[in-house]
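> What follows is data_14.cif, made up of mmCIF, N, CA, C and O atoms:
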```
data_protein
#
loop_
_atom_site.label_atom_id
_atom_site.label_comp_id
_atom_site.auth_asym_id
_atom_site.auth_seq_id
_atom_site.Cartn_x
_atom_site.Cartn_y
_atom_site.Cartn_z
N MET W 1 -18.48 10.13 11.81
CA MET W 1 -17.52 9.95 10.75
C MET W 1 -16.34 9.10 11.20
O MET W 1 -15.85 8.28 10.45
N ALA W 2 -15.87 9.27 12.43
CA ALA W 2 -14.74 8.48 12.93
C ALA W 2 -15.07 7.00 12.89
O ALA W 2 -14.23 6.19 12.54
N ASP W 3 -16.33 6.62 13.21
CA ASP W 3 -16.71 5.22 13.16
C ASP W 3 -16.65 4.69 11.74
O ASP W 3 -16.23 3.57 11.50
N THR W 4 -17.06 5.49 10.77
CA THR W 4 -17.00 5.08 9.38
C THR W 4 -15.57 4.85 8.94
O THR W 4 -15.25 3.85 8.30
N LEU W 5 -14.66 5.75 9.29
CA LEU W 5 -13.25 5.57 8.93
C LEU W 5 -12.69 4.32 9.57
O LEU W 5 -11.96 3.57 8.93
N THR W 6 -13.01 4.09 10.84
CA THR W 6 -12.52 2.91 11.53
C THR W 6 -13.02 1.64 10.85
O THR W 6 -12.26 0.71 10.61
N MET W 7 -14.31 1.62 10.52
CA MET W 7 -14.87 0.44 9.85
C MET W 7 -14.22 0.25 8.49
O MET W 7 -13.89 -0.86 8.13
N THR W 8 -14.01 1.30 7.75
CA THR W 8 -13.39 1.20 6.44
C THR W 8 -11.97 0.67 6.57
O THR W 8 -11.57 -0.25 5.87
N THR W 9 -11.20 1.25 7.48
CA THR W 9 -9.82 0.80 7.69
C THR W 9 -9.79 -0.65 8.14
O THR W 9 -9.00 -1.44 7.65
N ALA W 10 -10.69 -1.02 9.04
CA ALA W 10 -10.74 -2.39 9.53
C ALA W 10 -11.10 -3.37 8.42
O ALA W 10 -10.60 -4.49 8.39
N SER W 11 -11.96 -2.97 7.49
CA SER W 11 -12.37 -3.88 6.44
C SER W 11 -11.32 -4.03 5.34
O SER W 11 -11.25 -5.07 4.70
N VAL W 12 -10.50 -3.00 5.10
CA VAL W 12 -9.49 -3.10 4.04
C VAL W 12 -8.19 -3.69 4.54
O VAL W 12 -7.42 -4.23 3.74
N THR W 13 -7.93 -3.60 5.82
CA THR W 13 -6.66 -4.10 6.35
C THR W 13 -6.42 -5.57 6.01
O THR W 13 -5.31 -5.91 5.58
N PRO W 14 -7.41 -6.48 6.14
CA PRO W 14 -7.14 -7.88 5.77
C PRO W 14 -6.76 -8.04 4.29
O PRO W 14 -5.92 -8.87 3.96
N ILE W 15 -7.32 -7.23 3.42
CA ILE W 15 -6.98 -7.29 2.00
C ILE W 15 -5.52 -6.87 1.80
O ILE W 15 -4.77 -7.53 1.09
N ILE W 16 -5.13 -5.80 2.47
CA ILE W 16 -3.74 -5.33 2.35
C ILE W 16 -2.78 -6.35 2.94
O ILE W 16 -1.74 -6.64 2.34
N LEU W 17 -3.12 -6.92 4.08
CA LEU W 17 -2.25 -7.93 4.69
C LEU W 17 -2.09 -9.14 3.77
O LEU W 17 -0.98 -9.63 3.59
N GLU W 18 -3.18 -9.59 3.18
CA GLU W 18 -3.10 -10.72 2.24
C GLU W 18 -2.23 -10.37 1.04
O GLU W 18 -1.40 -11.18 0.60
N ALA W 19 -2.36 -9.16 0.52
CA ALA W 19 -1.56 -8.74 -0.62
C ALA W 19 -0.08 -8.74 -0.28
O ALA W 19 0.75 -9.17 -1.08
N ILE W 20 0.26 -8.27 0.92
CA ILE W 20 1.67 -8.24 1.34
C ILE W 20 2.22 -9.65 1.49
O ILE W 20 3.30 -9.96 0.98
N VAL W 21 1.47 -10.51 2.15
CA VAL W 21 1.95 -11.88 2.39
C VAL W 21 2.10 -12.64 1.07
O VAL W 21 3.10 -13.32 0.86
N ARG W 22 1.12 -12.50 0.18
CA ARG W 22 1.14 -13.26 -1.08
C ARG W 22 1.89 -12.54 -2.20
O ARG W 22 2.05 -13.10 -3.29
N LYS W 23 2.33 -11.28 -1.95
CA LYS W 23 2.99 -10.46 -2.97
C LYS W 23 2.10 -10.33 -4.21
O LYS W 23 2.51 -10.59 -5.34
N VAL W 24 0.87 -9.91 -3.93
CA VAL W 24 -0.13 -9.70 -4.97
C VAL W 24 -0.50 -8.22 -4.97
O VAL W 24 -0.73 -7.63 -3.92
N ALA W 25 -0.56 -7.62 -6.15
CA ALA W 25 -0.91 -6.21 -6.26
C ALA W 25 -2.36 -5.98 -5.88
O ALA W 25 -3.20 -6.89 -5.96
N ILE W 26 -2.64 -4.76 -5.44
CA ILE W 26 -4.01 -4.35 -5.17
C ILE W 26 -4.40 -3.25 -6.15
O ILE W 26 -3.54 -2.52 -6.65
N ALA W 27 -5.68 -3.17 -6.41
CA ALA W 27 -6.23 -2.05 -7.18
C ALA W 27 -7.01 -1.21 -6.19
O ALA W 27 -7.66 -1.75 -5.29
N ALA W 28 -6.93 0.09 -6.32
CA ALA W 28 -7.64 0.98 -5.41
C ALA W 28 -7.77 2.36 -6.04
O ALA W 28 -7.10 2.68 -7.02
N THR W 29 -8.64 3.15 -5.46
CA THR W 29 -8.77 4.55 -5.87
C THR W 29 -8.12 5.39 -4.78
O THR W 29 -8.38 5.19 -3.59
N TYR W 30 -7.25 6.30 -5.18
CA TYR W 30 -6.55 7.20 -4.26
C TYR W 30 -6.58 8.59 -4.87
O TYR W 30 -6.11 8.77 -5.99
N ASN W 31 -7.16 9.54 -4.16
CA ASN W 31 -7.32 10.90 -4.70
C ASN W 31 -8.00 10.89 -6.07
O ASN W 31 -7.55 11.55 -7.00
N ARG W 32 -9.05 10.10 -6.19
CA ARG W 32 -9.87 9.98 -7.41
C ARG W 32 -9.10 9.40 -8.60
O ARG W 32 -9.52 9.57 -9.75
N VAL W 33 -7.98 8.77 -8.35
CA VAL W 33 -7.18 8.14 -9.42
C VAL W 33 -7.17 6.64 -9.18
O VAL W 33 -6.87 6.17 -8.09
N GLU W 34 -7.53 5.87 -10.21
CA GLU W 34 -7.48 4.41 -10.13
C GLU W 34 -6.02 3.98 -10.21
O GLU W 34 -5.30 4.36 -11.14
N MET W 35 -5.58 3.20 -9.22
CA MET W 35 -4.17 2.81 -9.15
C MET W 35 -4.04 1.30 -8.94
O MET W 35 -4.90 0.68 -8.33
N THR W 36 -2.94 0.76 -9.44
CA THR W 36 -2.54 -0.60 -9.12
C THR W 36 -1.25 -0.46 -8.34
O THR W 36 -0.30 0.17 -8.81
N LEU W 37 -1.25 -1.02 -7.12
CA LEU W 37 -0.13 -0.85 -6.20
C LEU W 37 0.44 -2.19 -5.76
O LEU W 37 -0.31 -3.15 -5.56
N ALA W 38 1.74 -2.22 -5.57
CA ALA W 38 2.44 -3.37 -5.00
C ALA W 38 2.80 -3.00 -3.56
O ALA W 38 3.83 -2.37 -3.33
N PRO W 39 1.94 -3.35 -2.60
CA PRO W 39 2.19 -2.95 -1.21
C PRO W 39 3.34 -3.73 -0.59
O PRO W 39 3.33 -4.95 -0.59
N HIS W 40 4.32 -3.01 -0.07
CA HIS W 40 5.49 -3.65 0.52
C HIS W 40 5.45 -3.66 2.05
O HIS W 40 6.04 -4.53 2.67
N ILE W 41 4.75 -2.70 2.65
CA ILE W 41 4.71 -2.63 4.11
C ILE W 41 3.45 -1.89 4.56
O ILE W 41 3.01 -0.93 3.92
N LEU W 42 2.89 -2.36 5.65
CA LEU W 42 1.78 -1.70 6.33
C LEU W 42 2.32 -1.27 7.69
O LEU W 42 2.90 -2.08 8.42
N TYR W 43 2.17 0.01 8.01
CA TYR W 43 2.73 0.52 9.27
C TYR W 43 1.89 1.68 9.79
O TYR W 43 1.03 2.21 9.07
N THR W 44 2.13 2.05 11.03
CA THR W 44 1.42 3.18 11.61
C THR W 44 2.35 4.39 11.64
O THR W 44 3.56 4.28 11.81
N LYS W 45 1.73 5.55 11.43
CA LYS W 45 2.45 6.82 11.47
C LYS W 45 1.46 7.83 12.04
O LYS W 45 0.36 8.00 11.49
N HIS W 46 1.83 8.44 13.14
CA HIS W 46 0.95 9.40 13.83
C HIS W 46 -0.41 8.77 14.15
O HIS W 46 -1.44 9.42 14.06
N GLY W 47 -0.40 7.47 14.45
CA GLY W 47 -1.63 6.77 14.83
C GLY W 47 -2.50 6.32 13.67
O GLY W 47 -3.54 5.71 13.88
N ASP W 48 -2.10 6.60 12.44
CA ASP W 48 -2.86 6.19 11.26
C ASP W 48 -2.11 5.12 10.49
O ASP W 48 -0.88 5.13 10.44
N LEU W 49 -2.87 4.21 9.85
CA LEU W 49 -2.25 3.17 9.03
C LEU W 49 -1.84 3.74 7.68
O LEU W 49 -2.58 4.52 7.07
N HIS W 50 -0.65 3.34 7.24
CA HIS W 50 -0.11 3.73 5.93
C HIS W 50 0.47 2.49 5.26
O HIS W 50 0.86 1.53 5.94
N ILE W 51 0.56 2.54 3.95
CA ILE W 51 1.33 1.53 3.22
C ILE W 51 2.37 2.28 2.40
O ILE W 51 2.15 3.40 1.96
N ASP W 52 3.50 1.64 2.24
CA ASP W 52 4.48 2.07 1.25
C ASP W 52 4.37 1.05 0.13
O ASP W 52 4.41 -0.17 0.38
N ALA W 53 4.16 1.54 -1.07
CA ALA W 53 3.90 0.66 -2.21
C ALA W 53 4.53 1.23 -3.48
O ALA W 53 4.70 2.44 -3.60
N VAL W 54 4.83 0.34 -4.39
CA VAL W 54 5.29 0.74 -5.72
C VAL W 54 4.05 0.87 -6.59
O VAL W 54 3.21 -0.04 -6.64
N THR W 55 3.91 2.00 -7.25
CA THR W 55 2.79 2.21 -8.17
C THR W 55 3.10 1.48 -9.47
O THR W 55 4.10 1.76 -10.13
N LEU W 56 2.24 0.53 -9.81
CA LEU W 56 2.40 -0.24 -11.04
C LEU W 56 1.62 0.38 -12.19
O LEU W 56 2.01 0.22 -13.36
N ALA W 57 0.52 1.07 -11.86
CA ALA W 57 -0.28 1.74 -12.90
C ALA W 57 -1.12 2.84 -12.27
O ALA W 57 -1.55 2.72 -11.11
N ARG W 58 -1.32 3.91 -13.03
CA ARG W 58 -2.22 5.03 -12.68
C ARG W 58 -3.19 5.18 -13.84
O ARG W 58 -2.74 5.40 -14.97
N ASP W 59 -4.46 5.04 -13.53
CA ASP W 59 -5.48 5.11 -14.59
C ASP W 59 -5.12 4.21 -15.77
O ASP W 59 -5.26 4.59 -16.93
N GLY W 60 -4.60 3.01 -15.46
CA GLY W 60 -4.30 2.02 -16.48
C GLY W 60 -2.98 2.18 -17.20
O GLY W 60 -2.64 1.36 -18.05
N ARG W 61 -2.23 3.23 -16.88
CA ARG W 61 -0.94 3.46 -17.55
C ARG W 61 0.21 3.27 -16.57
O ARG W 61 0.12 3.68 -15.41
N PRO W 62 1.32 2.70 -17.03
CA PRO W 62 2.48 2.55 -16.14
C PRO W 62 3.04 3.93 -15.77
O PRO W 62 2.94 4.87 -16.57
N PRO W 63 3.63 4.05 -14.59
CA PRO W 63 4.20 5.34 -14.19
C PRO W 63 5.45 5.67 -15.01
O PRO W 63 6.10 4.78 -15.55
N LYS W 64 5.76 6.95 -15.08
CA LYS W 64 6.96 7.39 -15.80
C LYS W 64 8.22 6.97 -15.05
O LYS W 64 9.26 6.74 -15.64
N GLU W 65 8.11 6.91 -13.72
CA GLU W 65 9.25 6.58 -12.87
C GLU W 65 8.80 5.57 -11.81
O GLU W 65 7.75 5.73 -11.21
N ILE W 66 9.62 4.55 -11.59
CA ILE W 66 9.32 3.58 -10.54
C ILE W 66 9.81 4.15 -9.22
O ILE W 66 10.97 4.54 -9.09
N LYS W 67 8.89 4.24 -8.25
CA LYS W 67 9.29 4.72 -6.93
C LYS W 67 8.37 4.12 -5.88
O LYS W 67 7.30 3.62 -6.19
N LEU W 68 8.85 4.16 -4.66
CA LEU W 68 8.10 3.68 -3.52
C LEU W 68 7.37 4.87 -2.91
O LEU W 68 8.00 5.83 -2.48
N GLY W 69 6.05 4.82 -2.93
CA GLY W 69 5.25 5.92 -2.41
C GLY W 69 4.56 5.55 -1.12
O GLY W 69 4.38 4.37 -0.82
N THR W 70 4.15 6.55 -0.37
CA THR W 70 3.43 6.36 0.89
C THR W 70 1.97 6.72 0.67
O THR W 70 1.67 7.79 0.13
N PHE W 71 1.08 5.84 1.12
CA PHE W 71 -0.36 6.05 0.96
C PHE W 71 -1.04 5.83 2.30
O PHE W 71 -0.83 4.81 2.96
N LYS W 72 -1.88 6.79 2.70
CA LYS W 72 -2.66 6.64 3.92
C LYS W 72 -3.80 5.68 3.62
O LYS W 72 -4.56 5.88 2.65
N VAL W 73 -3.93 4.63 4.43
CA VAL W 73 -4.93 3.61 4.18
C VAL W 73 -6.34 4.20 4.15
O VAL W 73 -7.16 3.83 3.31
N ALA W 74 -6.63 5.15 5.03
CA ALA W 74 -7.96 5.76 5.06
C ALA W 74 -8.29 6.50 3.76
O ALA W 74 -9.45 6.72 3.45
N GLY W 75 -7.28 6.85 2.97
CA GLY W 75 -7.50 7.54 1.71
C GLY W 75 -7.71 6.61 0.52
O GLY W 75 -8.03 7.05 -0.57
N LEU W 76 -7.51 5.32 0.75
CA LEU W 76 -7.71 4.33 -0.31
C LEU W 76 -9.15 3.84 -0.29
O LEU W 76 -9.69 3.57 0.78
N SER W 77 -9.76 3.73 -1.45
CA SER W 77 -11.12 3.19 -1.50
C SER W 77 -11.20 2.14 -2.60
O SER W 77 -10.33 2.05 -3.46
N ALA W 78 -12.26 1.34 -2.54
CA ALA W 78 -12.50 0.28 -3.52
C ALA W 78 -11.27 -0.63 -3.66
O ALA W 78 -10.89 -1.02 -4.76
N ILE W 79 -10.67 -0.99 -2.53
CA ILE W 79 -9.47 -1.83 -2.54
C ILE W 79 -9.85 -3.27 -2.85
O ILE W 79 -10.79 -3.82 -2.27
N ARG W 80 -9.10 -3.86 -3.77
CA ARG W 80 -9.33 -5.26 -4.10
C ARG W 80 -8.02 -5.89 -4.58
O ARG W 80 -7.15 -5.19 -5.10
N LEU W 81 -7.92 -7.19 -4.38
CA LEU W 81 -6.76 -7.93 -4.85
C LEU W 81 -6.82 -8.06 -6.36
O LEU W 81 -7.90 -8.13 -6.94
N THR W 82 -5.67 -8.11 -6.99
CA THR W 82 -5.60 -8.34 -8.44
C THR W 82 -4.91 -9.68 -8.65
O THR W 82 -4.30 -10.22 -7.72
N PRO W 83 -4.94 -10.21 -9.85
CA PRO W 83 -4.20 -11.45 -10.12
C PRO W 83 -2.70 -11.20 -10.34
O PRO W 83 -1.93 -12.13 -10.46
N ARG W 84 -2.30 -9.95 -10.38
CA ARG W 84 -0.91 -9.58 -10.69
C ARG W 84 -0.01 -9.76 -9.47
O ARG W 84 -0.25 -9.19 -8.42
N THR W 85 1.04 -10.54 -9.63
CA THR W 85 2.01 -10.71 -8.55
C THR W 85 3.16 -9.73 -8.75
O THR W 85 3.32 -9.16 -9.83
N PHE W 86 3.95 -9.55 -7.70
CA PHE W 86 5.10 -8.65 -7.80
C PHE W 86 6.28 -9.21 -7.02
O PHE W 86 6.11 -10.05 -6.14
N SER W 87 7.45 -8.75 -7.37
CA SER W 87 8.68 -9.08 -6.65
C SER W 87 9.02 -7.89 -5.76
O SER W 87 8.66 -6.75 -6.07
N VAL W 88 9.73 -8.16 -4.67
CA VAL W 88 10.12 -7.08 -3.77
C VAL W 88 11.05 -6.13 -4.53
O VAL W 88 12.02 -6.56 -5.15
N ASN W 89 10.72 -4.86 -4.48
CA ASN W 89 11.50 -3.85 -5.18
C ASN W 89 12.70 -3.44 -4.34
O ASN W 89 12.59 -3.29 -3.12
N GLY W 90 13.85 -3.24 -4.98
CA GLY W 90 15.07 -2.85 -4.28
C GLY W 90 14.98 -1.49 -3.59
O GLY W 90 15.79 -1.19 -2.71
N LEU W 91 13.99 -0.68 -3.96
CA LEU W 91 13.81 0.62 -3.30
C LEU W 91 13.29 0.46 -1.86
O LEU W 91 13.43 1.37 -1.05
N PHE W 92 12.69 -0.68 -1.58
CA PHE W 92 12.14 -0.93 -0.24
C PHE W 92 13.26 -1.32 0.72
O PHE W 92 13.97 -2.29 0.49
N LYS W 93 13.40 -0.55 1.77
CA LYS W 93 14.42 -0.79 2.80
C LYS W 93 13.70 -1.06 4.13
O LYS W 93 13.35 -0.13 4.85
N PRO W 94 13.46 -2.34 4.46
CA PRO W 94 12.68 -2.66 5.67
C PRO W 94 13.32 -2.17 6.96
O PRO W 94 12.63 -1.97 7.95
N GLY W 95 14.62 -1.92 6.95
CA GLY W 95 15.31 -1.43 8.14
C GLY W 95 15.27 0.08 8.30
O GLY W 95 15.86 0.63 9.23
N ASP W 96 14.56 0.77 7.40
CA ASP W 96 14.47 2.23 7.46
C ASP W 96 13.93 2.67 8.81
O ASP W 96 13.00 2.07 9.36
N ALA W 97 14.48 3.75 9.34
CA ALA W 97 14.10 4.27 10.66
C ALA W 97 12.62 4.60 10.75
O ALA W 97 12.03 4.48 11.83
N LYS W 98 11.99 4.99 9.66
CA LYS W 98 10.57 5.37 9.73
C LYS W 98 9.67 4.18 10.05
O LYS W 98 8.53 4.37 10.46
N TYR W 99 10.16 2.95 9.89
CA TYR W 99 9.36 1.78 10.19
C TYR W 99 9.63 1.23 11.59
O TYR W 99 8.92 0.34 12.04
N ALA W 100 10.63 1.73 12.28
CA ALA W 100 11.02 1.20 13.59
C ALA W 100 9.83 1.26 14.54
O ALA W 100 9.21 2.29 14.72
N ASP W 101 9.51 0.13 15.13
CA ASP W 101 8.42 0.00 16.11
C ASP W 101 7.06 0.36 15.56
O ASP W 101 6.12 0.55 16.31
N GLU W 102 6.92 0.50 14.26
CA GLU W 102 5.65 0.91 13.67
C GLU W 102 5.11 -0.12 12.67
O GLU W 102 4.01 0.03 12.19
N THR W 103 5.89 -1.13 12.32
CA THR W 103 5.51 -2.08 11.28
C THR W 103 4.43 -3.04 11.74
O THR W 103 4.55 -3.64 12.80
N VAL W 104 3.39 -3.16 10.91
CA VAL W 104 2.34 -4.14 11.15
C VAL W 104 2.66 -5.41 10.37
O VAL W 104 2.62 -6.51 10.89
N MET W 105 3.02 -5.24 9.08
CA MET W 105 3.37 -6.37 8.22
C MET W 105 4.21 -5.85 7.07
O MET W 105 3.95 -4.77 6.54
N ALA W 106 5.23 -6.64 6.69
CA ALA W 106 6.08 -6.26 5.56
C ALA W 106 6.34 -7.49 4.70
O ALA W 106 6.28 -8.62 5.20
N VAL W 107 6.62 -7.25 3.42
CA VAL W 107 6.96 -8.36 2.53
C VAL W 107 8.26 -8.99 2.97
O VAL W 107 9.11 -8.34 3.57
N GLU W 108 8.38 -10.27 2.66
CA GLU W 108 9.64 -10.96 2.91
C GLU W 108 10.33 -11.18 1.58
O GLU W 108 9.68 -11.44 0.56
N ARG W 109 11.63 -11.06 1.57
CA ARG W 109 12.39 -11.22 0.33
C ARG W 109 12.46 -12.64 -0.11
O ARG W 109 12.33 -13.57 0.45
#
```
Would you mind writing the file's structure down as structure tokens?

Amino acid sequence: MADTLTMTTASVTPIILEAIVRKVAIAATYNRVEMTLAPHILYTKHGDLHIDAVTLARDGRPPKEIKLGTFKVAGLSAIRLTPRTFSVNGLFKPGDAKYADETVMAVER
């Protein structure tokens, strides 16, 4: 099972990196919910890859509240780029202590 997780994480990481660099939303399934996410940062936490992203849609509907959420990359499935672009959200604070020495890639303003 560990090999499967590693392969999955390795295969989705380039998609997430491209989304961050190009500021393009991704679509993915997380906890059996179809989501559209604006990934702002990819980082490690306790040895696992995570993204902090703004949820743009859940099951095709916009969220009630705009917020920056944390998603474990291994929990995301069916990740793909969308044609939807995004702007950096003011909720994202790249200097936050939780990203210190852990950032793999972050959006640029």
> For the provided coordinates, the residues matched by the PyMOL selection byres ((chain W and resi 69-84) around 5) should be stated as an mmCIF file with N, CA, C and O atoms, in the coordinates of the input.

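Written file, selection_0.cif:
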```
data_model
loop_
_atom_site.group_PDB
_atom_site.id
_atom_site.type_symbol
_atom_site.label_atom_id
_atom_site.label_comp_id
_atom_site.auth_asym_id
_atom_site.auth_seq_id
_atom_site.Cartn_x
_atom_site.Cartn_y
_atom_site.Cartn_z
ATOM 1 N N LYS W 23 2.330 -11.280 -1.950
ATOM 2 C CA LYS W 23 2.990 -10.460 -2.970
ATOM 3 C C LYS W 23 2.100 -10.330 -4.210
ATOM 4 O O LYS W 23 2.510 -10.590 -5.340
ATOM 5 N N VAL W 24 0.870 -9.910 -3.930
ATOM 6 C CA VAL W 24 -0.130 -9.700 -4.970
ATOM 7 C C VAL W 24 -0.500 -8.220 -4.970
ATOM 8 O O VAL W 24 -0.730 -7.630 -3.920
ATOM 9 N N ALA W 25 -0.560 -7.620 -6.150
ATOM 10 C CA ALA W 25 -0.910 -6.210 -6.260
ATOM 11 C C ALA W 25 -2.360 -5.980 -5.880
ATOM 12 O O ALA W 25 -3.200 -6.890 -5.960
ATOM 13 N N ILE W 26 -2.640 -4.760 -5.440
ATOM 14 C CA ILE W 26 -4.010 -4.350 -5.170
ATOM 15 C C ILE W 26 -4.400 -3.250 -6.150
ATOM 16 O O ILE W 26 -3.540 -2.520 -6.650
ATOM 17 N N ALA W 27 -5.680 -3.170 -6.410
ATOM 18 C CA ALA W 27 -6.230 -2.050 -7.180
ATOM 19 C C ALA W 27 -7.010 -1.210 -6.190
ATOM 20 O O ALA W 27 -7.660 -1.750 -5.290
ATOM 21 N N ALA W 28 -6.930 0.090 -6.320
ATOM 22 C CA ALA W 28 -7.640 0.980 -5.410
ATOM 23 C C ALA W 28 -7.770 2.360 -6.040
ATOM 24 O O ALA W 28 -7.100 2.680 -7.020
ATOM 25 N N THR W 29 -8.640 3.150 -5.460
ATOM 26 C CA THR W 29 -8.770 4.550 -5.870
ATOM 27 C C THR W 29 -8.120 5.390 -4.780
ATOM 28 O O THR W 29 -8.380 5.190 -3.590
ATOM 29 N N TYR W 30 -7.250 6.300 -5.180
ATOM 30 C CA TYR W 30 -6.550 7.200 -4.260
ATOM 31 C C TYR W 30 -6.580 8.590 -4.870
ATOM 32 O O TYR W 30 -6.110 8.770 -5.990
ATOM 33 N N ASN W 31 -7.160 9.540 -4.160
ATOM 34 C CA ASN W 31 -7.320 10.900 -4.700
ATOM 35 C C ASN W 31 -8.000 10.890 -6.070
ATOM 36 O O ASN W 31 -7.550 11.550 -7.000
ATOM 37 N N LEU W 49 -2.870 4.210 9.850
ATOM 38 C CA LEU W 49 -2.250 3.170 9.030
ATOM 39 C C LEU W 49 -1.840 3.740 7.680
ATOM 40 O O LEU W 49 -2.580 4.520 7.070
ATOM 41 N N HIS W 50 -0.650 3.340 7.240
ATOM 42 C CA HIS W 50 -0.110 3.730 5.930
ATOM 43 C C HIS W 50 0.470 2.490 5.260
ATOM 44 O O HIS W 50 0.860 1.530 5.940
ATOM 45 N N ILE W 51 0.560 2.540 3.950
ATOM 46 C CA ILE W 51 1.330 1.530 3.220
ATOM 47 C C ILE W 51 2.370 2.280 2.400
ATOM 48 O O ILE W 51 2.150 3.400 1.960
ATOM 49 N N ASP W 52 3.500 1.640 2.240
ATOM 50 C CA ASP W 52 4.480 2.070 1.250
ATOM 51 C C ASP W 52 4.370 1.050 0.130
ATOM 52 O O ASP W 52 4.410 -0.170 0.380
ATOM 53 N N ALA W 53 4.160 1.540 -1.070
ATOM 54 C CA ALA W 53 3.900 0.660 -2.210
ATOM 55 C C ALA W 53 4.530 1.230 -3.480
ATOM 56 O O ALA W 53 4.700 2.440 -3.600
ATOM 57 N N VAL W 54 4.830 0.340 -4.390
ATOM 58 C CA VAL W 54 5.290 0.740 -5.720
ATOM 59 C C VAL W 54 4.050 0.870 -6.590
ATOM 60 O O VAL W 54 3.210 -0.040 -6.640
ATOM 61 N N LYS W 67 8.890 4.240 -8.250
ATOM 62 C CA LYS W 67 9.290 4.720 -6.930
ATOM 63 C C LYS W 67 8.370 4.120 -5.880
ATOM 64 O O LYS W 67 7.300 3.620 -6.190
ATOM 65 N N LEU W 68 8.850 4.160 -4.660
ATOM 66 C CA LEU W 68 8.100 3.680 -3.520
ATOM 67 C C LEU W 68 7.370 4.870 -2.910
ATOM 68 O O LEU W 68 8.000 5.830 -2.480
ATOM 69 N N THR W 85 1.040 -10.540 -9.630
ATOM 70 C CA THR W 85 2.010 -10.710 -8.550
ATOM 71 C C THR W 85 3.160 -9.730 -8.750
ATOM 72 O O THR W 85 3.320 -9.160 -9.830
ATOM 73 N N PHE W 86 3.950 -9.550 -7.700
ATOM 74 C CA PHE W 86 5.100 -8.650 -7.800
ATOM 75 C C PHE W 86 6.280 -9.210 -7.020
ATOM 76 O O PHE W 86 6.110 -10.050 -6.140
#
```
> To one decimal place, how far is atom N of Ile16 (chain W) from CA of His46 (chain W) in Å?
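Spanning atom N of Ile16 (chain W) to CA of His46 (chain W) is a straight-line distance of 19.9 Å.
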> Considering all atoms listed in the file, state which residue in the set W:Ala97, W:Met35, W:Val104, W:Ile41 is at the smallest distance from Thr55 (chain W).
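Residue with the minimum atom-to-atom distance to Thr55 (chain W): W:Met35.
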> I need the helix (DSSP H, G or I) residues of chain W per DSSP on the backbone, written as JSON, numbers by chain.
{"W": [2, 3, 4, 5, 6, 7, 8, 9, 10, 11, 12, 13, 14, 15, 16, 17, 18, 19, 20, 21, 22, 73, 74, 75, 97, 98, 99]}
> Got a sec: who's within 5 Å of Glu34 (chain W), counting only N, CA, C and O atoms, leaving out chain neighbours fewer than 2 positions off, as a PyMOL selection string?
chain W and resi 28-29+32+36+57-60
> How far is it from CA of Val33 (chain W) to CA of Glu108 (chain W), in Å with one decimal?
28.3 Å
> Evaluate the PyMOL selection byres ((chain W and resi 109) around 8) against this structure - the residues, as a ChimeraX atom specification, please.
/W:87-88,106-108
> Mind pulling up the distance from atom N of Lys45 (chain W) to atom C of Gly95 (chain W)?
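Atom N of Lys45 (chain W) lies at a distance of 14.9 Å from atom C of Gly95 (chain W).
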> Pick out each residue of region 39-75 of chain W that DSSP on the backbone tags as strand (DSSP E or B); I need them as a count of residues only.
24
> May I have the centre and edge lengths, in Å to one decimal, of an axis-aligned box around the listed atoms of region 80-92 of chain W with 8 Å added to every side, as JSON?

```
{"center_x": 3.2, "center_y": -5.4, "center_z": -5.0, "size_x": 41.1, "size_y": 29.5, "size_z": 27.4}
```
> Starting from the point (5.5, -4.7, 10.4), work out which residues of protein, DNA or RNA have an atom no more than 10 Å away when counting only C-alpha atoms; state them as a PyMOL selection string.
chain W and resi 40-44+94+99-107
